[in-house]
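Chemist: Attaching a single structure in structure tokens format; questions to follow.
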Amino acid sequence: MSSEVRGSVIIPAHDEGSNILRTLEPLCPLMSRGLQVIVVPNGCTDRTAELARAIPGVEVIELSRGSKTAALNAGDEAATSWPRLYLDADITIGTDAVAELLERLSMPGALAGRPRSRYLTVDCSALVRAYYRARERMPELSAHLWGAGAYALTEAGHARVGRFPEVVADDVYVDSRFDRAEITFGTTGAAVVRCPRTARALLRTLRRVRRGPAALAAAGIVEASSVQSGGLRVLLSSVRSIGALADAVVYAAFVLLARVQPTKAPDREWERDDTQRVAPA
């Protein structure tokens, strides 16, 4: 890899004071090599903006309204480099993984990309760990731009996406704009996804995740087939042992329960899991 790193990282952040420093730290060595890093706190009531500004070189754009897509668009307006990595503020991605992904996007034919993902379940309940073990046995679920909390676009790829629309599942929307051959996947390091610690929190997360693609399909923004991941066939094909079968049963139970939405929908536009968030000292 070359010493220079070309590109921008855009991080929308809504009350992410407990995570933002952990997310920004691996990016610091790359900023000295040319990487542009933009944090967009939106609708925040905590110290997210203050903490991000404390990192030399980080650009901070504050929005009063809590909206991830508005934050993505504001970051785009301020960004000056390509490719661009759109990174959730609660995701940690290593220095080498970022550099490799941006470099891969300079290859002919690549319009979009995403890093590998790794699920961190060390502090999670047994049911949550079983769910993610089953998920990791289904490689089909990693063949899309969604799922890692991070995806990247070249300038030509972004032209196909256009301005981010007001949708919940921005990663699903972006993924639907590309063929598999146009997406490149990182091989170095991984984006670390901190999983919900409890079964209740995981179920809330799955219901939120399910609502986004369903709304996109209902509005005709994406085809319903583009938000399906293979279902029972993919799950069954992943079973190779008694342990894997038990994990698959847990996975299926969570998926079925997630289809039952609560009577009253949550009021927050940006609902998220808070079980992995601890206030900074």
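Identifiers for the structure tokens are assigned positionally: chains receive A, B, ... in sequence, residues are indexed from 1 per chain, and ligands are indexed from 1 in the order shown.
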Give the strand (DSSP E or B) residues of region 36-281 of chain A, as assigned by DSSP on the backbone, as a ChimeraX atom specification.

Modeler: /A:36-42,59-60,63,84-87,91-93,112-114,117-120,150-153,183-185,191-194

Chemist: If we count only C-alpha atoms, what is near Arg210 (chain A) at a cut-off of 9 Å, once residues fewer than 5 positions away on the same chain are taken out, given as a list in words?

Modeler: Thr205, Ala215, Ala258 and Arg259 of chain A

Chemist: So that I have them on file, write out the residues from the current selection with N, CA, C and O atoms, as a PDB file, in the first residue's frame.

Modeler:
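Now in part.pdb:
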ATOM      1  N   THR A 205     -33.431  -4.468  18.175  1.00  0.00           N
ATOM      2  CA  THR A 205     -32.570  -4.118  17.052  1.00  0.00           C
ATOM      3  C   THR A 205     -33.051  -4.780  15.766  1.00  0.00           C
ATOM      4  O   THR A 205     -33.112  -4.150  14.706  1.00  0.00           O
ATOM      5  N   ALA A 215     -39.890  -0.803   4.616  1.00  0.00           N
ATOM      6  CA  ALA A 215     -40.409   0.495   4.197  1.00  0.00           C
ATOM      7  C   ALA A 215     -39.896   0.862   2.805  1.00  0.00           C
ATOM      8  O   ALA A 215     -40.639   1.424   1.985  1.00  0.00           O
ATOM      9  N   ALA A 258     -38.995 -11.155  15.386  1.00  0.00           N
ATOM     10  CA  ALA A 258     -38.776  -9.801  14.881  1.00  0.00           C
ATOM     11  C   ALA A 258     -39.856  -9.376  13.895  1.00  0.00           C
ATOM     12  O   ALA A 258     -40.066  -8.180  13.675  1.00  0.00           O
ATOM     13  N   ARG A 259     -40.546 -10.342  13.307  1.00  0.00           N
ATOM     14  CA  ARG A 259     -41.623 -10.011  12.369  1.00  0.00           C
ATOM     15  C   ARG A 259     -42.861  -9.497  13.081  1.00  0.00           C
ATOM     16  O   ARG A 259     -43.728  -8.894  12.456  1.00  0.00           O
TER      17      ARG A 259
END

Chemist: Which of region 32-193 of chain A end up as helix (DSSP H, G or I) when DSSP is run on this backbone - answer as an NGL selection string?

Modeler: :A and (48-53 or 68-78 or 95-104 or 126-136 or 139-142 or 155-161 or 170-175 or 180-182)

Chemist: Just the residues within 10 Å of region 82-87 of chain A, please, counting only C-alpha atoms, with nothing from its chain fewer than 6 positions along; format it as a ChimeraX atom specification.

Modeler: /A:6-13,23,35-39,72,75-76,93,98,101-106,111-115,148-158,171,191

Chemist: Select, from A:Ser238, A:Ser176, A:Asn42, A:Thr188, the residue with the minimum atom-to-atom distance to Tyr251 (chain A), counting only C-alpha atoms.

Modeler: A:Ser238
